[in-house]
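Student: The following block contains the structure, expressed as structure tokens.
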Amino acid sequence: MKDLMLKVRNLKVIFPNQMGVLKAVEGIDFDIPKGKCVAIVGESGCGKSVTSLAVMKLLNSPPAMVRVDELVLDGADLKDYTDQMMQEVRGKQISMIFQDAMTALNPVMTIGKQIDEVFIRHGKMDKGEARIATIKALELVGVPEPKSRANQFPHQLSGGMRQRVLIAMAFACMPKLIIADEPTTALDVTIQAQVLDVLSDMQKKHEVSLLLITHDLSVVANMADTIYVMYSGKIVEKAKVRELFLHPHHPYTIGLLGSIPKLSDEVHKFVQIPDAVPHPMFKPTGCYFHPRCSHSTLKCSQVMPPLKTLLNGREIRCFHPQNVVDFEEVAHE
Amino acid sequence: MSKPIILSMKNVSVHFPVKGALPFSKKRVVSAVSDVSVDIFQGETFGIVGESGCGKSTLANAMIGLVRPTSGEVLFKGNKLYSLSPQEFKEIRRDMQMIFQDPFSSLNPRFNVYQIISEPMKIRGGASVDEMKKRVIELLELVGLSEKDLYRYPSDFSGGQRQRIGIARAIILNPDFLVCDEPVSALDVSVHAQILNLLMELQEKLKMTYVFISHNLAVVKSICDHMVVMYLGNVMESGSTKAIYQHPLHPYTNALLSAVLDVDLDNKKERILLQGDIPSPINPPRGCRFYQRCPYAMKGCVDKKPALIEIEPEHFVACHYINPFAQEEINAGLAKPLNL
Amino acid sequence: MKSFMNGLKEMLSGIWGFIRKLWRHPKGRIGLIIVILLVVCALFAPWIAPYDPYDVTQRAQKGLSPSFQHLLGTTITTGQDIFSMLIYGTRVSLTIGVVTGVSLAFLGALMGICAGYIGGFADTLIMRIVDVLLVIPTLPLTIVLTNLFGRSYLMIILIFTLFGWTGLARVIRSLVLVLKNANYVKAAELAGASRWHIMMKHILPGTSHLLIMSTALTSAGIMVAEAGLSFLGLGDPTAISWGKMLAEAQSGGALLFGHWWWIIAPGIGIFLAVFSFMRIGLVMEEVFNPKMKQSSNIYKLFKNLNNTYIEEVFSSMSEAQILGVGGEQS
């Protein structure tokens with residue numbers, strides 16, 4: 001287990017409120033190997049963003065309550081870290097790229113200064129050295145004319161440029177793990193392609209582990225090594241990218257993949273999943289997906305299926321997995 | 001080509017004035033749409049594709065009379081839309097409706113479903129409460145909701161259901177022209193297909209003409225008959241969807257197509273990555289608006305605007321690379337590659 | 001006419017809704033109770049007050065200390081019953097506060113909506129007027145105008161209304177600018193709605209919460225201002241108001257003779273009135289801004305959490321639990 005950068009076991013997050021208890025994340029396990037990119041995919045309300053915040057220990061209590069059995073970052077268990085210790089970890093070992101770059105950057109400070117600060121704080125550099133490093137970092141993420149751009153304020157940059165600045169900032173302190181929460185959702189298609197390219201380049205160059213959180217399977221296809229599909233607070237499927245796209249087992253994954261229109265398609269009808277994601281306060285009994293599933297049986301509506309591990313390391317939570325080639329159940333640990 | 005034209009725009013431009021920083025500084029204009037001509041055929045789906053800031057929403061708003069064009073003519077069923085009297089304008093515009101991108105801001109949170117959907121009928125007047133209620137229930141069932149949702153409020157619904165309510169409101173007056181402004185991009189992925197299928201079913205049932213605005217090229221491909229690709233307020237390529245997808249010519253269209261992140265893992269295509277960002281629509285380039293990011297930019301592209309020329313039947317392209325310069329212009333050195 | 005009646009009905013039901021919301025809120029309930037009490041005092045002052053407060057002929061009763069005959073004693077100078085004065089004072093304070101508050105809200109809404117929704121020349125004109133009014137100091141102007149036109153309460157209400165609407169109009173205008181661009185307004189426009197329809201159905205209801213809140217808060221502010229003016233001798237000389245009671249107490253030597261109740265009584269009156277209106281205004285803010293409400297309630301909720309229930313919830317989510325049940329079934 002030495003090659004794991006992040007190991008999360010049995011992470012649970014709930015939000016008690018007047019009406020009852022909102023179960024956001026219901027006991028999920030996941031691993032991020034060193035230098036790899038792992039993606040958590042799911043729709044709004046599936047708990048993927050809460051998961052990322054819980055890993056950073058950024059969820060305040062109240063309103064949230066977090067339980068986790070193991071939260072190990074590169075051998076150190078963060079479970080019992082205090083806020084102060086976590087601050088150290090967050091700056092140095094984990095950094096984050098947000099969806100909305102405008103709110104993640106300080107609007108009254110030049111971007112150069114903001115990146116300088118990271119270098120000064122974590123790289124123990126003086127001001128001059130930091131600025132040189134900043135310009136180099138900006139160049140690396142493909143910001144044209146980095147020297148003059150460094151003196152600009154966030155609002156003077158376009159959305160794509162701001163996202164690059166965030167990426168440069170995230171990589172500045174040479175973290176072990178980067179969490180990217182919907183890094184390209186707010187961008188245009190051509191810009192999205194540019195930014196993803198930069199992100200994946202930087203990740204491979206620096207051999208950093210990357211946790212990619214997104215709702216867009218097509219983003220994941222070109223970036224991630226392993227994918228966890230989440231639905232309603234639970235992991236329903238885990239697989240290597242290729243296997244997931246070629247042989248999706250879980251009906252939800254199949255539906256998700258089917259609902260992405262492809263350029264090569266000739267059909268005029270879209271494959272649809274009926275109904276909508278259940279409200280996290282009112283989840284159905286049994287398998288959370290059964291009301292929308294075309295393969296559901298009586299059992300599905302009564303019992304939550306366990307997460308089974310298959311021979312090839314894939315994991316699936318379903319009584320009726322589809323497209324299974326070498327389906328052979330392995331006893332759960 | 002036998003289909004009648006329902007709406008046509010002739011050389012439409014929309015400019016917005018921008019206030020200068022100082023009171024007496026020179027007034028600048030944003031040219032959101034400049035010199036666009038399109039014909040939309042009855043019963044078809046017409047796609048408008050482009051990135052944010054390309055003027056696709058402004059163009060659609062000009063079609064249905066929400067934004068007055070600075071110059072040019074919009075003809076709807078043969079009527080010059082902006083030369084009509086206010087009364088006639090209101091009358092004719094009831095045949096055109098719109099579905100909005102954001103289902104959260106398109107429904108008044110203080111109204112219940114019945115009030116929201118019946119509002120257009122109420123405004124038009126002449127219907128009794130019973131008639132309206134009957135019609136609203138009929139529509140609710142048509143869009144996949146039920147009578148019991150009649151008195152609930154928008155906050156009780158998910159994004160997809162809200163979009164259904166918005167669709168019901170849009171079709172209550174039986175319009176034959178419907179603008180869908182990115183109707184699914186604010187929704188969950190698994191709901192996209194539901195809404196798109198619903199829209200297509202309705203089109204078949206009610207024989208409507210759609211204008212479909214989207215940045216998703218794969219969706220446009222499967223539902224649109226004709227389309228335009230826009231960039232910075234100009235049409236780059238237009239024509240039948242089939243022709244454009246089979247044989248995309250404009251460098252921008254090609255870049256857009258290759259930027260679509262396909263999940264097909266096996267045929268990994270070579271991706272064309274565009275350099276730089278979309279320039280500001282204030283003071284856009286004089287010549288081709290795309291030249292700063294174009295991999296094939298030539299010296300002549302800077303100053304000379306390319307005309308929209310029919311390359312093959314139902315396929316128009318505005319590009320000097322595709323429609324080469326005249327001989328004397330080549331002699332003048334306009335075709336030399338531009339080094340930025 | 002019919003649409004007007006309908007509008008009125010909707011407005012009344014809206015106000016009733018607000019009162020119900022206020023009542024459910026513990027802090028709002030206190031404010032509401034005090035306001036109702038004050039209103040009752042003001043309406044039924046002649047029946048509640050034991051003496052005639054205008055009676056300045058009771059020379060024999062001058063300067064009495066509180067007793068059962070005179071709950072708060074009598075004034076040193078003229079022998080008026082202080083408790084009765086206090087009750088009558090409610091009338092002046094409340095009337096001025098509420099009338100000014102309501103007319104301010106009306107004027108502010110009218111100007112703000114005109115500026116925001118009609119735009120163009122109307123917008124420029126109104127905003128320039130706002131700019132001019134904002135820099136005029138109200139208090140000196142009030143002193144000058146009351147000297148010029150006589151010291152009546154109508155004058156005070158008029159001045160506060162004419163010079164006080166600017167802030168509200170600005171807020172309403174910016175809200176209207178947001179509402180105007182909402183897609184549901186566009187949809188109504190597409191259906192052929194008139195400007196009047198959009199204004200009455202979409203824009204005005206969208207600003208109603210702000211209007212109600214501002215009425216409550218400005219009313220409280222105006223009451224304080226009125227007390228100040230009366231204290232300075234700028235109020236109506238014939239009426240009894242809390243501010244004037246304070247002024248009389250000071251000039252009549254309440255401090256000199258140690259008659260503290262003479263000073264405290266109107267002070268408490270002013271405090272209660274302002275406190276209750278402020279309370280209502282602040283609760284309104286909380287009701288309309290759910291985020292504020294949540295953050296204040298969530299701490300209380302967490303203190304009272306049922307731990308065993310939470311443990312049950314946590315353990316119900318475990319994989320082992322599912323496996324156990326699942327294994328049993330299959």
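Convention: chains lettered A, B, ... in structure tokens order; per-chain residue numbering from 1; ligands numbered from 1 as shown.
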Quick one: residues within 9 Å of Ile282 of chain B, only C-alpha atoms, excluding same-chain residues fewer than 3 positions away - as a PDB file with C-alpha atoms, in the first residue's frame?
Tutor:
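Heads up, here's the output in part.pdb:
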```pdb
ATOM      1  CA  VAL B  18     -20.860  51.046 -24.186  1.00  0.00           C
ATOM      2  CA  ARG B  28     -17.800  52.758 -28.209  1.00  0.00           C
ATOM      3  CA  VAL B  29     -20.085  50.058 -29.458  1.00  0.00           C
ATOM      4  CA  VAL B  30     -20.173  46.322 -28.991  1.00  0.00           C
ATOM      5  CA  SER B  31     -21.157  44.763 -32.253  1.00  0.00           C
ATOM      6  CA  ALA B  32     -22.868  41.664 -30.928  1.00  0.00           C
ATOM      7  CA  PRO B 279     -11.241  38.667 -28.520  1.00  0.00           C
TER       8      PRO B 279
END
```
Student: Write out as a tab-separated table (two decimals) with C-alpha atoms, in the first residue's frame each polymer residue whose atoms come within 7 Å of segment 1-11 of chain B, counting only C-alpha atoms; drop sequence neighbours fewer than 3 positions from it.
Tutor:
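Full text of part_0.tsv as output:
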```tsv
chain	number	residue	atom	x	y	z
B	35	ASP	CA	-24.46	41.74	-40.97
B	36	VAL	CA	-26.08	38.34	-40.56
B	37	SER	CA	-28.56	36.95	-43.06
B	38	VAL	CA	-30.35	33.68	-42.47
B	39	ASP	CA	-33.41	31.90	-43.80
B	40	ILE	CA	-35.30	29.50	-41.60
B	41	PHE	CA	-37.60	26.97	-43.21
B	42	GLN	CA	-40.96	25.99	-41.84
B	72	GLY	CA	-31.37	45.14	-41.25
B	73	GLU	CA	-34.76	43.53	-41.59
B	74	VAL	CA	-36.43	40.58	-39.91
B	75	LEU	CA	-39.26	39.03	-41.89
B	76	PHE	CA	-41.59	36.67	-40.08
B	77	LYS	CA	-44.13	35.00	-42.37
```
Student: Chain B near chain C within 9 Å: what's each residue's closest atom pair and its distance in Å to one decimal, counting only C-alpha atoms, ordered by chain then ascending residue number, as a tab-separated table?
Tutor:
```
residue	atom	partner	partner_atom	distance
B:Ile64	CA	C:Leu190	CA	7.9
B:Gly65	CA	C:Leu190	CA	8.1
B:Leu66	CA	C:Leu190	CA	7.6
B:Phe89	CA	C:Gly192	CA	8.8
B:Lys90	CA	C:Gly192	CA	5.2
B:Glu91	CA	C:Gly192	CA	7.4
B:Arg93	CA	C:Leu190	CA	6.7
B:Arg94	CA	C:Ala191	CA	5.5
B:Asp95	CA	C:Ala191	CA	8.8
B:Met96	CA	C:Leu190	CA	7.5
B:Gln97	CA	C:Leu190	CA	6.4
B:Met98	CA	C:Ala187	CA	7.1
B:Ile99	CA	C:Ala187	CA	8.4
B:Phe100	CA	C:Asn183	CA	7.0
B:Asp102	CA	C:Asn183	CA	8.3
B:Pro103	CA	C:Asn183	CA	8.9
B:Ser105	CA	C:Asn183	CA	5.8
B:Ser106	CA	C:Asn183	CA	4.3
B:Leu107	CA	C:Tyr184	CA	5.3
B:Asn108	CA	C:Tyr184	CA	5.9
B:Arg110	CA	C:Pro205	CA	8.1
B:Ile116	CA	C:Tyr184	CA	8.8
B:Glu119	CA	C:Ala188	CA	7.3
B:Pro120	CA	C:Ala191	CA	5.0
B:Met121	CA	C:Ala191	CA	8.0
B:Ile123	CA	C:Ala193	CA	5.7
B:Arg124	CA	C:Gly192	CA	7.2
B:Arg169	CA	C:Ala187	CA	8.5
B:Ala170	CA	C:Ala187	CA	7.8
B:Leu173	CA	C:Ala191	CA	8.2
```
Student: Let me see the file: selected residues, C-alpha atoms, as a CSV table (one decimal), in the first residue's frame.
Tutor:
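Listed below is the output, again06.csv:
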```csv
chain,number,residue,atom,x,y,z
B,64,ILE,CA,-38.3,37.2,-31.8
B,65,GLY,CA,-38.3,40.9,-31.1
B,66,LEU,CA,-36.7,41.1,-27.7
B,89,PHE,CA,-46.3,43.4,-33.4
B,90,LYS,CA,-47.7,42.0,-30.2
B,91,GLU,CA,-50.2,40.0,-32.2
B,93,ARG,CA,-45.1,37.8,-31.8
B,94,ARG,CA,-47.5,35.4,-30.0
B,95,ASP,CA,-46.5,32.9,-32.6
B,96,MET,CA,-42.9,33.1,-31.4
B,97,GLN,CA,-41.9,31.8,-28.0
B,98,MET,CA,-38.7,31.0,-26.2
B,99,ILE,CA,-37.3,28.4,-23.9
B,100,PHE,CA,-34.6,29.7,-21.6
B,102,ASP,CA,-31.6,28.7,-16.9
B,103,PRO,CA,-34.7,27.0,-15.5
B,105,SER,CA,-34.5,32.3,-13.3
B,106,SER,CA,-37.1,31.7,-15.9
B,107,LEU,CA,-39.9,30.9,-13.5
B,108,ASN,CA,-41.2,33.5,-11.1
B,110,ARG,CA,-43.8,33.7,-6.3
B,116,ILE,CA,-46.9,30.4,-14.5
B,119,GLU,CA,-49.9,33.7,-17.7
B,120,PRO,CA,-49.6,34.0,-21.5
B,121,MET,CA,-53.3,33.0,-21.9
B,123,ILE,CA,-52.4,38.2,-21.0
B,124,ARG,CA,-54.0,37.5,-24.3
B,169,ARG,CA,-45.6,27.9,-20.8
B,170,ALA,CA,-43.9,28.5,-24.1
B,173,LEU,CA,-50.5,29.9,-27.2
```
Student: Kindly provide the residues of chain B that approach chain A to within 9 Å, each paired with its closest atom pair and their distance in Å to one decimal, based on only C-alpha atoms, listed by chain and increasing number, as CSV.
Tutor:
```
residue,atom,partner,partner_atom,distance
B:Glu51,CA,A:Asp188,CA,5.8
B:Ser52,CA,A:Asp188,CA,6.6
B:Ser158,CA,A:Ala276,CA,7.5
B:Gly159,CA,A:Ala276,CA,8.9
B:Gly160,CA,A:Ala276,CA,7.5
B:Gln161,CA,A:Ala276,CA,8.6
B:Leu187,CA,A:Ser44,CA,9.0
B:Asp188,CA,A:Glu43,CA,6.0
B:Val189,CA,A:Glu43,CA,6.9
B:Ser190,CA,A:Leu256,CA,5.8
B:Val191,CA,A:Ala276,CA,6.8
B:His192,CA,A:Ser259,CA,7.1
B:Ala193,CA,A:Gln272,CA,5.0
B:Gln194,CA,A:Gln272,CA,5.5
B:Leu196,CA,A:Phe270,CA,7.4
B:Asn197,CA,A:Phe270,CA,6.4
B:Met200,CA,A:Lys269,CA,8.4
B:His215,CA,A:Val189,CA,7.4
B:Asn216,CA,A:Val189,CA,8.3
B:Leu217,CA,A:Leu263,CA,7.4
B:Ala218,CA,A:Leu263,CA,4.8
B:Val219,CA,A:Pro261,CA,6.0
B:Lys221,CA,A:Leu263,CA,7.1
B:Ser222,CA,A:His268,CA,5.4
B:Ile223,CA,A:His268,CA,6.3
B:Tyr245,CA,A:Leu263,CA,8.8
B:Ala255,CA,A:Thr190,CA,7.3
B:Leu256,CA,A:Thr190,CA,6.2
B:Leu257,CA,A:Leu263,CA,8.4
B:Ser258,CA,A:Thr190,CA,8.7
B:Ala259,CA,A:Thr190,CA,5.5
B:Val260,CA,A:Val189,CA,6.9
B:Leu261,CA,A:Ser218,CA,5.4
B:Asp262,CA,A:Ser218,CA,5.9
B:Val263,CA,A:Ser218,CA,5.3
B:Asp264,CA,A:Phe245,CA,8.0
B:Leu265,CA,A:Arg242,CA,7.2
B:Arg271,CA,A:Ala193,CA,9.0
B:Leu273,CA,A:Gln194,CA,6.4
B:Leu274,CA,A:Thr190,CA,6.8
B:Gln275,CA,A:Gln194,CA,8.2
B:Gly276,CA,A:Pro144,CA,8.2
B:Asp277,CA,A:Ser158,CA,7.3
B:Ile278,CA,A:Ser158,CA,8.6
```
Student: For the selection you just gave me, I'd like the residues written to a file as a compact mmCIF listing (two decimals), in the first residue's frame, keeping N, CA and C atoms.
Tutor:
```txt
# COMPACT_ATOMS: atom_id res chain seq x y z
N GLU B 51 -19.36 29.86 -29.43
CA GLU B 51 -18.96 29.95 -28.03
C GLU B 51 -19.59 31.17 -27.39
N SER B 52 -19.40 31.32 -26.09
CA SER B 52 -20.02 32.46 -25.42
C SER B 52 -19.46 33.76 -26.01
N SER B 158 -37.33 19.83 -9.55
CA SER B 158 -35.93 19.72 -9.96
C SER B 158 -35.74 20.51 -11.26
N GLY B 159 -34.48 20.68 -11.63
CA GLY B 159 -34.17 21.46 -12.83
C GLY B 159 -34.90 20.97 -14.06
N GLY B 160 -34.91 19.65 -14.26
CA GLY B 160 -35.56 19.10 -15.44
C GLY B 160 -37.05 19.37 -15.45
N GLN B 161 -37.67 19.23 -14.27
CA GLN B 161 -39.11 19.48 -14.20
C GLN B 161 -39.42 20.94 -14.44
N LEU B 187 -28.79 21.68 -17.00
CA LEU B 187 -29.41 20.52 -16.34
C LEU B 187 -28.42 19.39 -16.13
N ASP B 188 -28.83 18.45 -15.29
CA ASP B 188 -28.01 17.26 -15.06
C ASP B 188 -27.89 16.44 -16.33
N VAL B 189 -26.74 15.78 -16.47
CA VAL B 189 -26.49 15.03 -17.70
C VAL B 189 -27.57 14.00 -17.98
N SER B 190 -28.01 13.29 -16.93
CA SER B 190 -28.95 12.20 -17.18
C SER B 190 -30.33 12.73 -17.55
N VAL B 191 -30.55 14.04 -17.41
CA VAL B 191 -31.84 14.61 -17.74
C VAL B 191 -31.85 15.21 -19.15
N HIS B 192 -30.63 15.49 -19.68
CA HIS B 192 -30.52 16.08 -21.02
C HIS B 192 -31.40 15.37 -22.04
N ALA B 193 -31.22 14.05 -22.10
CA ALA B 193 -31.89 13.29 -23.14
C ALA B 193 -33.40 13.39 -23.01
N GLN B 194 -33.90 13.37 -21.76
CA GLN B 194 -35.35 13.49 -21.56
C GLN B 194 -35.90 14.76 -22.21
N LEU B 196 -34.48 16.78 -24.42
CA LEU B 196 -34.31 16.84 -25.88
C LEU B 196 -35.36 15.98 -26.58
N ASN B 197 -35.59 14.79 -26.04
CA ASN B 197 -36.61 13.93 -26.65
C ASN B 197 -37.99 14.57 -26.60
N MET B 200 -38.34 17.17 -29.19
CA MET B 200 -38.50 16.63 -30.54
C MET B 200 -39.88 16.03 -30.74
N HIS B 215 -23.95 25.00 -27.71
CA HIS B 215 -22.53 24.91 -27.97
C HIS B 215 -22.12 23.45 -28.13
N ASN B 216 -23.11 22.57 -27.98
CA ASN B 216 -22.82 21.14 -28.09
C ASN B 216 -23.04 20.67 -29.53
N LEU B 217 -21.93 20.45 -30.22
CA LEU B 217 -22.03 20.13 -31.64
C LEU B 217 -22.66 18.78 -31.90
N ALA B 218 -22.49 17.87 -30.94
CA ALA B 218 -23.05 16.54 -31.16
C ALA B 218 -24.57 16.60 -31.12
N VAL B 219 -25.12 17.41 -30.22
CA VAL B 219 -26.57 17.53 -30.15
C VAL B 219 -27.10 18.20 -31.41
N LYS B 221 -25.87 18.22 -34.27
CA LYS B 221 -25.79 17.32 -35.41
C LYS B 221 -27.01 16.41 -35.49
N SER B 222 -27.44 15.91 -34.35
CA SER B 222 -28.51 14.93 -34.44
C SER B 222 -29.90 15.55 -34.53
N ILE B 223 -30.08 16.83 -34.20
CA ILE B 223 -31.45 17.33 -34.29
C ILE B 223 -31.66 18.46 -35.30
N TYR B 245 -21.32 18.82 -41.45
CA TYR B 245 -20.66 17.79 -40.65
C TYR B 245 -19.88 16.81 -41.52
N ALA B 255 -12.01 23.38 -35.66
CA ALA B 255 -11.49 23.44 -34.30
C ALA B 255 -12.59 23.10 -33.30
N LEU B 256 -13.78 23.64 -33.55
CA LEU B 256 -14.91 23.35 -32.65
C LEU B 256 -15.20 21.85 -32.63
N LEU B 257 -15.22 21.27 -33.81
CA LEU B 257 -15.53 19.84 -33.90
C LEU B 257 -14.49 19.02 -33.18
N SER B 258 -13.24 19.41 -33.31
CA SER B 258 -12.22 18.58 -32.68
C SER B 258 -12.15 18.84 -31.18
N ALA B 259 -12.73 19.97 -30.74
CA ALA B 259 -12.72 20.24 -29.30
C ALA B 259 -13.79 19.45 -28.57
N VAL B 260 -14.74 18.89 -29.32
CA VAL B 260 -15.76 18.08 -28.67
C VAL B 260 -15.07 16.85 -28.09
N LEU B 261 -15.15 16.72 -26.78
CA LEU B 261 -14.47 15.62 -26.13
C LEU B 261 -15.32 14.38 -26.32
N ASP B 262 -14.91 13.57 -27.22
CA ASP B 262 -15.68 12.36 -27.48
C ASP B 262 -15.25 11.27 -26.53
N VAL B 263 -16.18 10.40 -26.21
CA VAL B 263 -15.80 9.31 -25.32
C VAL B 263 -15.34 8.08 -26.10
N ASP B 264 -15.32 8.18 -27.41
CA ASP B 264 -14.80 7.07 -28.18
C ASP B 264 -13.30 6.97 -27.95
N LEU B 265 -12.89 5.92 -27.27
CA LEU B 265 -11.49 5.85 -26.87
C LEU B 265 -10.61 5.35 -27.99
N ARG B 271 -6.26 16.36 -32.29
CA ARG B 271 -7.05 17.51 -31.88
C ARG B 271 -6.40 18.81 -32.32
N LEU B 273 -5.89 22.41 -31.39
CA LEU B 273 -6.07 23.31 -30.26
C LEU B 273 -5.90 24.74 -30.74
N LEU B 274 -6.92 25.54 -30.50
CA LEU B 274 -6.83 26.94 -30.90
C LEU B 274 -5.96 27.68 -29.91
N GLN B 275 -5.22 28.64 -30.43
CA GLN B 275 -4.42 29.48 -29.55
C GLN B 275 -5.30 30.63 -29.05
N GLY B 276 -5.00 31.10 -27.86
CA GLY B 276 -5.58 32.35 -27.39
C GLY B 276 -7.06 32.28 -27.07
N ASP B 277 -7.60 33.45 -26.76
CA ASP B 277 -8.98 33.56 -26.33
C ASP B 277 -9.82 34.26 -27.37
N ILE B 278 -11.14 34.23 -27.13
CA ILE B 278 -12.04 34.97 -27.99
C ILE B 278 -11.80 36.45 -27.73
```
Student: Assign secondary structure with DSSP using the backbone only, and return the residues of segment 35-265 of chain B in helix (DSSP H, G or I) as a ChimeraX atom specification.
Tutor: /B:56-63,81-83,86-93,113-124,129-142,147-149,154-156,159-171,189-206,217-223,241-246,251-259
Student: Deliver the residues from the most recent selection as a file, using C-alpha atoms, as a tab-separated table (two decimals), in the first residue's frame.
Tutor:
```tsv
chain	number	residue	atom	x	y	z
B	56	LYS	CA	-25.86	33.61	-30.79
B	57	SER	CA	-28.27	34.63	-28.05
B	58	THR	CA	-28.46	38.19	-29.36
B	59	LEU	CA	-29.26	36.88	-32.81
B	60	ALA	CA	-32.07	34.77	-31.42
B	61	ASN	CA	-33.40	37.67	-29.38
B	62	ALA	CA	-33.44	39.82	-32.51
B	63	MET	CA	-35.45	37.12	-34.29
B	81	LEU	CA	-41.28	42.59	-37.87
B	82	TYR	CA	-39.92	45.97	-36.95
B	83	SER	CA	-42.13	48.00	-39.28
B	86	PRO	CA	-47.10	47.93	-31.76
B	87	GLN	CA	-50.48	46.20	-31.75
B	88	GLU	CA	-49.71	44.08	-34.81
B	89	PHE	CA	-46.26	43.38	-33.43
B	90	LYS	CA	-47.71	42.03	-30.20
B	91	GLU	CA	-50.21	39.97	-32.16
B	92	ILE	CA	-47.69	38.36	-34.46
B	93	ARG	CA	-45.14	37.80	-31.76
B	113	VAL	CA	-47.37	26.24	-11.71
B	114	TYR	CA	-50.88	27.12	-12.82
B	115	GLN	CA	-50.15	30.84	-12.66
B	116	ILE	CA	-46.89	30.44	-14.52
B	117	ILE	CA	-48.23	28.36	-17.38
B	118	SER	CA	-51.50	30.23	-17.77
B	119	GLU	CA	-49.90	33.68	-17.74
B	120	PRO	CA	-49.59	34.04	-21.54
B	121	MET	CA	-53.25	33.01	-21.91
B	122	LYS	CA	-54.29	35.49	-19.26
B	123	ILE	CA	-52.37	38.25	-20.98
B	124	ARG	CA	-54.00	37.46	-24.29
B	129	VAL	CA	-60.75	30.30	-15.77
B	130	ASP	CA	-62.14	26.85	-16.48
B	131	GLU	CA	-60.81	26.87	-20.01
B	132	MET	CA	-57.40	27.97	-18.83
B	133	LYS	CA	-57.27	25.32	-16.18
B	134	LYS	CA	-58.26	22.65	-18.66
B	135	ARG	CA	-55.62	23.79	-21.09
B	136	VAL	CA	-52.91	23.96	-18.41
B	137	ILE	CA	-53.65	20.43	-17.25
B	138	GLU	CA	-53.59	19.24	-20.85
B	139	LEU	CA	-50.18	20.85	-21.31
B	140	LEU	CA	-48.82	19.51	-18.04
B	141	GLU	CA	-49.63	16.01	-19.20
B	142	LEU	CA	-48.12	16.73	-22.58
B	147	GLU	CA	-52.48	17.60	-12.56
B	148	LYS	CA	-51.36	17.28	-8.97
B	149	ASP	CA	-48.45	19.61	-9.68
B	154	PRO	CA	-41.10	26.24	-8.71
B	155	SER	CA	-38.91	25.60	-5.67
B	156	ASP	CA	-40.55	22.17	-5.29
B	159	GLY	CA	-34.17	21.46	-12.83
B	160	GLY	CA	-35.56	19.10	-15.44
B	161	GLN	CA	-39.11	19.48	-14.20
B	162	ARG	CA	-38.76	23.26	-14.17
B	163	GLN	CA	-37.63	23.15	-17.75
B	164	ARG	CA	-40.77	21.13	-18.55
B	165	ILE	CA	-42.87	23.85	-16.94
B	166	GLY	CA	-41.04	26.44	-19.03
B	167	ILE	CA	-41.77	24.42	-22.15
B	168	ALA	CA	-45.46	24.18	-21.25
B	169	ARG	CA	-45.60	27.95	-20.81
B	170	ALA	CA	-43.92	28.47	-24.14
B	171	ILE	CA	-46.36	26.33	-26.10
B	189	VAL	CA	-26.49	15.03	-17.70
B	190	SER	CA	-28.95	12.20	-17.18
B	191	VAL	CA	-31.84	14.61	-17.74
B	192	HIS	CA	-30.52	16.08	-21.02
B	193	ALA	CA	-31.89	13.29	-23.14
B	194	GLN	CA	-35.35	13.49	-21.56
B	195	ILE	CA	-35.74	17.16	-22.37
B	196	LEU	CA	-34.31	16.84	-25.88
B	197	ASN	CA	-36.61	13.93	-26.65
B	198	LEU	CA	-39.55	15.85	-25.28
B	199	LEU	CA	-38.73	18.83	-27.48
B	200	MET	CA	-38.50	16.63	-30.54
B	201	GLU	CA	-41.77	14.86	-29.78
B	202	LEU	CA	-43.50	18.18	-29.38
B	203	GLN	CA	-42.10	19.41	-32.65
B	204	GLU	CA	-43.53	16.43	-34.41
B	205	LYS	CA	-46.91	16.75	-32.72
B	206	LEU	CA	-47.34	20.49	-32.97
B	217	LEU	CA	-22.03	20.13	-31.64
B	218	ALA	CA	-23.05	16.54	-31.16
B	219	VAL	CA	-26.57	17.53	-30.15
B	220	VAL	CA	-26.87	19.99	-33.02
B	221	LYS	CA	-25.79	17.32	-35.41
B	222	SER	CA	-28.51	14.93	-34.44
B	223	ILE	CA	-31.45	17.33	-34.29
B	241	THR	CA	-26.17	20.26	-41.13
B	242	LYS	CA	-25.39	17.23	-43.23
B	243	ALA	CA	-23.07	19.13	-45.54
B	244	ILE	CA	-21.28	20.89	-42.72
B	245	TYR	CA	-20.66	17.79	-40.65
B	246	GLN	CA	-19.64	15.68	-43.60
B	251	PRO	CA	-10.92	26.35	-39.69
B	252	TYR	CA	-13.06	27.50	-36.77
B	253	THR	CA	-15.69	24.82	-37.40
B	254	ASN	CA	-12.95	22.25	-37.58
B	255	ALA	CA	-11.49	23.44	-34.30
B	256	LEU	CA	-14.91	23.35	-32.65
B	257	LEU	CA	-15.53	19.84	-33.90
B	258	SER	CA	-12.22	18.58	-32.68
B	259	ALA	CA	-12.72	20.24	-29.30
```
Student: Return the neighbours of chain C among the residues of chain A, cut-off 7 Å, counting only C-alpha atoms, as a list of chain:residue names.
Tutor: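 Residues of chain A within 7 Å of chain C, counting only C-alpha atoms: A:Glu26, A:Gly27, A:Pro62, A:Pro63, A:Val303, A:Met304, A:Pro305, A:Pro306.
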